[in-house]
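K.L.:
Encoded as structure tokens, here's the structure I'll be asking about.
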Amino acid sequence: GTNMNYLAIPSFITAVLVLALGVVVYLKGKKNDSIKIFFGLSVSISTWHFFMSLAYNCKAESIAELLTRICHIGIVFISITTFHFVVEFLRIKTSKTLIAGTYFAGVFFSFSMLTNNLFIEGLYHYSWGIYPKAGKYHPFFLVFLFVQATSLIVMLLRNYVRQQTMLIRKNQIKYILLACLFLTASTVDFIPVYGIPIVPTGYIFILIFVSLIAYGTIKYRALDISLVVTRTGIFL
């Protein structure tokens, strides 16, 4: 038999679908900040899954490790762009400094991911394939992700509960909230980074995220893009 690692297939498909969603939203969207940030978010998710799909089938250890480091850069910017997107989507007045600070932190993490072993050191070899190995300071990176994920979910929940008058706005918030919850659930893929041999299935949650964003946008215009929905179909 071949040595193909089949985990590469769902990862690759996920990368393509997320990028396609981002491109459609960007091309059809009103060119406001939230649309641009959403595009950045989709590129980040896509980076994670695309480079992981390459790493799964890479025979050269050093290149495989580099690929998993690049995929971590995607992960760094998923939380940053999701946080930024939610702030824009909810039109929350927040300090430019706070947002800029998260991006600066992202650059620092990315630089470290690529150049040293603070966050990633080497690879695990599991029965189902290779996987990046957490460095000594990886838990600090998880805290960074957790703080952003928690605050954006709290912001969405508060706005959802408060929104009493405009039903369509309430539904828009609902679909973005659900999508963000599933996006956060994809962090189950961090478990094998710590030596626990669970097969990474985060792509399932990412596919649900894509479906919720697409449905919420088609039905309630959760993302402000121009599309015509008729009985016979959806026209972009």
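Letters A, B, ... go to the chains of the structure tokens in the order shown; residues in each chain start at 1; ligands are counted from 1 in the same order.
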Using the chain letters and numbers from this document, which residues of stretch 99-215 of chain A does DSSP assign to strand (DSSP E or B), as a list in words?
P.N.:
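Strand (DSSP E or B) members of stretch 99-215 of chain A, listed: Ile120, Glu121, Gly122, Leu123, Tyr124, His125, Tyr126, Gly129, Ile130, Tyr131, Pro132, Lys133 and Ala134 of chain A.
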K.L.:
DSSP on the backbone, then: every residue of stretch 41-120 of chain A marked helix (DSSP H, G or I), written as a PyMOL selection string.
P.N.:
chain A and resi 41-56+61-89+96-115
K.L.:
Under the rule that only C-alpha atoms are counted, which of A:Lys170, A:His138, A:Arg221, A:Arg158 is the nearest residue to A:Ile191?
P.N.:
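Of all the options, A:His138 lies closest to A:Ile191.
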K.L.:
Could you check which of A:Ile75, A:Ala179, A:Ile63, A:Val86 is closest to A:Ser34, using only C-alpha atoms?
P.N.:
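Counting only C-alpha atoms, the residue closest to A:Ser34 is A:Val86.
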K.L.:
Applying 9 Å and only C-alpha atoms, which residues near A:Leu66 remain after dropping the ones on its own chain fewer than 4 positions away? List them as a PyMOL selection string.
P.N.:
chain A and resi 55+61-62+70-71+114
